[in-house]
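Asker: I have a structure here, written as structure tokens, and I will follow up with some questions on it.
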Amino acid sequence: MKLLKLKASCMYGYRCEYCEGTVQPRTVKREAFKHRDGFVILEDVTIGVCDTCGNRYYSADILHAVHAVATGAKPPERIGQIPVTHLESVQVNQVSQ
């Protein structure tokens with residue numbers, strides 16, 4: 001199995017931009033990224049997560065890796081299928097003023 005190597009980042013411990021929490025490192029099993037060229041899922045990746053509000057922060061190394069996989073510069077380990085469906089929309093009556 002070929003692993004995507006990322007530099008270890010010591011960029012944690014700073015204040016969250018949305019609340020008074022602190023961004024801490026957290027290794028997550030899967031993290032999905034939307035890129036202009038498609039979706040990329042990184043597995044077993046360490047990201048920054050605010051310990052109060054849960055906002056997620058990504059290092060430049062992670063974002064460069066996502067870009068490389070999405071654009072085909074780096075081949076993915078595997079390709080999975082994502083189920084897609086439409087939900088029936090519920091019509092909301094507009095209240096006239």
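Following the order of the structure tokens, chains are lettered A, B, ..., residues in each are numbered from 1, and ligands are numbered from 1.
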Let's see if you can do this: from backbone DSSP, list all strand (DSSP E) residues in range 48-85 of chain A, as a ChimeraX atom specification.
Answerer: /A:48-50,56-57
Asker: Which neighbours of Val66 in chain A fall inside 8 Å, counting only C-alpha atoms, when residues of the same chain fewer than 5 positions from it are skipped, and could you give them as a list of chain:residue names?
Answerer: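 In the requested format, the answer is A:Phe33, A:His35, A:Val40, A:Leu42.
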Asker: Find the residues around Tyr14 in chain A up to 12 Å (only C-alpha atoms counted), leave out those fewer than 4 positions away in its own chain, and share them as number ranges by chain.
Answerer: A: 10, 18-25, 48-51, 57
Asker: Could the residues in this selection be written to a file with all heavy atoms, as a CSV table (one decimal), in the first residue's frame?
Answerer:
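Listed below is the output, selection-v5.csv:
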chain,number,residue,atom,x,y,z
A,10,CYS,N,3.6,21.3,13.0
A,10,CYS,CA,3.5,21.8,14.4
A,10,CYS,C,2.7,23.0,14.5
A,10,CYS,O,2.9,23.8,15.4
A,10,CYS,CB,5.0,22.0,14.9
A,10,CYS,SG,6.0,20.6,14.8
A,18,TYR,N,-13.2,31.6,14.7
A,18,TYR,CA,-14.6,31.8,14.9
A,18,TYR,C,-15.1,31.8,16.3
A,18,TYR,O,-16.2,32.2,16.6
A,18,TYR,CB,-15.3,30.6,14.2
A,18,TYR,CG,-15.1,30.6,12.7
A,18,TYR,CD1,-14.2,29.7,12.1
A,18,TYR,CD2,-15.7,31.5,11.9
A,18,TYR,CE1,-14.0,29.7,10.8
A,18,TYR,CE2,-15.5,31.5,10.5
A,18,TYR,CZ,-14.6,30.6,10.0
A,18,TYR,OH,-14.4,30.7,8.6
A,19,CYS,N,-14.2,31.4,17.2
A,19,CYS,CA,-14.6,31.4,18.7
A,19,CYS,C,-13.4,31.5,19.5
A,19,CYS,O,-12.3,31.8,19.0
A,19,CYS,CB,-15.4,30.1,19.0
A,19,CYS,SG,-14.3,28.6,19.1
A,20,GLU,N,-13.5,31.3,20.8
A,20,GLU,CA,-12.4,31.5,21.7
A,20,GLU,C,-11.6,30.2,21.9
A,20,GLU,O,-10.8,30.1,22.8
A,20,GLU,CB,-12.9,32.0,23.0
A,20,GLU,CG,-13.4,33.4,23.0
A,20,GLU,CD,-12.4,34.4,22.5
A,20,GLU,OE1,-11.2,34.4,23.0
A,20,GLU,OE2,-12.7,35.3,21.6
A,21,GLY,N,-12.0,29.1,21.1
A,21,GLY,CA,-11.3,27.8,21.3
A,21,GLY,C,-9.9,27.8,20.7
A,21,GLY,O,-9.4,28.8,20.2
A,22,THR,N,-9.3,26.7,20.9
A,22,THR,CA,-7.9,26.5,20.5
A,22,THR,C,-7.9,25.3,19.5
A,22,THR,O,-8.5,24.3,19.7
A,22,THR,CB,-7.0,26.1,21.7
A,22,THR,OG1,-7.1,27.2,22.6
A,22,THR,CG2,-5.5,26.0,21.2
A,23,VAL,N,-7.1,25.5,18.4
A,23,VAL,CA,-7.0,24.5,17.3
A,23,VAL,C,-6.0,23.4,17.8
A,23,VAL,O,-4.9,23.8,18.1
A,23,VAL,CB,-6.6,25.1,16.0
A,23,VAL,CG1,-6.4,24.1,14.9
A,23,VAL,CG2,-7.6,26.2,15.6
A,24,GLN,N,-6.5,22.2,17.8
A,24,GLN,CA,-5.7,21.1,18.3
A,24,GLN,C,-5.5,20.1,17.1
A,24,GLN,O,-6.4,20.0,16.3
A,24,GLN,CB,-6.3,20.4,19.4
A,24,GLN,CG,-6.6,21.3,20.6
A,24,GLN,CD,-5.3,21.7,21.3
A,24,GLN,OE1,-4.2,21.0,21.2
A,24,GLN,NE2,-5.3,22.8,22.0
A,25,PRO,N,-4.4,19.3,17.1
A,25,PRO,CA,-4.3,18.3,16.0
A,25,PRO,C,-5.3,17.1,16.3
A,25,PRO,O,-5.5,16.7,17.5
A,25,PRO,CB,-2.8,17.8,16.2
A,25,PRO,CG,-2.5,18.2,17.6
A,25,PRO,CD,-3.3,19.4,18.0
A,48,GLY,N,-6.3,20.2,11.8
A,48,GLY,CA,-6.5,21.0,13.0
A,48,GLY,C,-8.0,21.1,13.2
A,48,GLY,O,-8.8,21.3,12.3
A,49,VAL,N,-8.4,20.9,14.5
A,49,VAL,CA,-9.8,21.0,14.8
A,49,VAL,C,-10.0,21.9,16.1
A,49,VAL,O,-9.3,21.6,17.1
A,49,VAL,CB,-10.5,19.6,15.1
A,49,VAL,CG1,-11.9,19.7,15.5
A,49,VAL,CG2,-10.3,18.7,13.9
A,50,CYS,N,-10.9,22.8,16.0
A,50,CYS,CA,-11.1,23.7,17.2
A,50,CYS,C,-11.7,22.9,18.3
A,50,CYS,O,-12.7,22.1,18.1
A,50,CYS,CB,-12.0,24.9,16.9
A,50,CYS,SG,-12.5,25.9,18.3
A,51,ASP,N,-11.2,23.0,19.5
A,51,ASP,CA,-11.6,22.2,20.6
A,51,ASP,C,-13.0,22.7,21.2
A,51,ASP,O,-13.6,22.1,22.1
A,51,ASP,CB,-10.6,22.1,21.7
A,51,ASP,CG,-10.1,23.4,22.3
A,51,ASP,OD1,-10.7,24.4,22.0
A,51,ASP,OD2,-9.2,23.4,23.1
A,57,TYR,N,-9.3,22.9,10.2
A,57,TYR,CA,-8.2,23.7,9.6
A,57,TYR,C,-7.3,22.7,8.9
A,57,TYR,O,-7.0,21.6,9.4
A,57,TYR,CB,-7.4,24.5,10.6
A,57,TYR,CG,-8.2,25.6,11.3
A,57,TYR,CD1,-9.1,25.3,12.4
A,57,TYR,CD2,-8.2,26.9,10.8
A,57,TYR,CE1,-9.8,26.4,12.9
A,57,TYR,CE2,-8.9,27.9,11.3
A,57,TYR,CZ,-9.7,27.6,12.4
A,57,TYR,OH,-10.4,28.7,13.0
Asker: Of the candidates A:Glu17, A:Glu88, A:Glu77, A:Glu43, which shows the shortest atom-to-atom distance to Arg30 in chain A, using only C-alpha atoms?
Answerer: A:Glu43
Asker: Out of range 57-93 of chain A, which residues get alpha helix (DSSP H) from DSSP, as a ChimeraX atom specification?
Answerer: /A:60-71
Asker: CA of Gly38 in chain A and CA of Thr85 in chain A, how far apart in Å?
Answerer: 17.3 Å
Asker: Which distance in Å separates CA of Leu87 in chain A and CA of Val28 in chain A, to one decimal?
Answerer: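 So the two atoms, CA of Leu87 in chain A and CA of Val28 in chain A, lie 29.0 Å apart.
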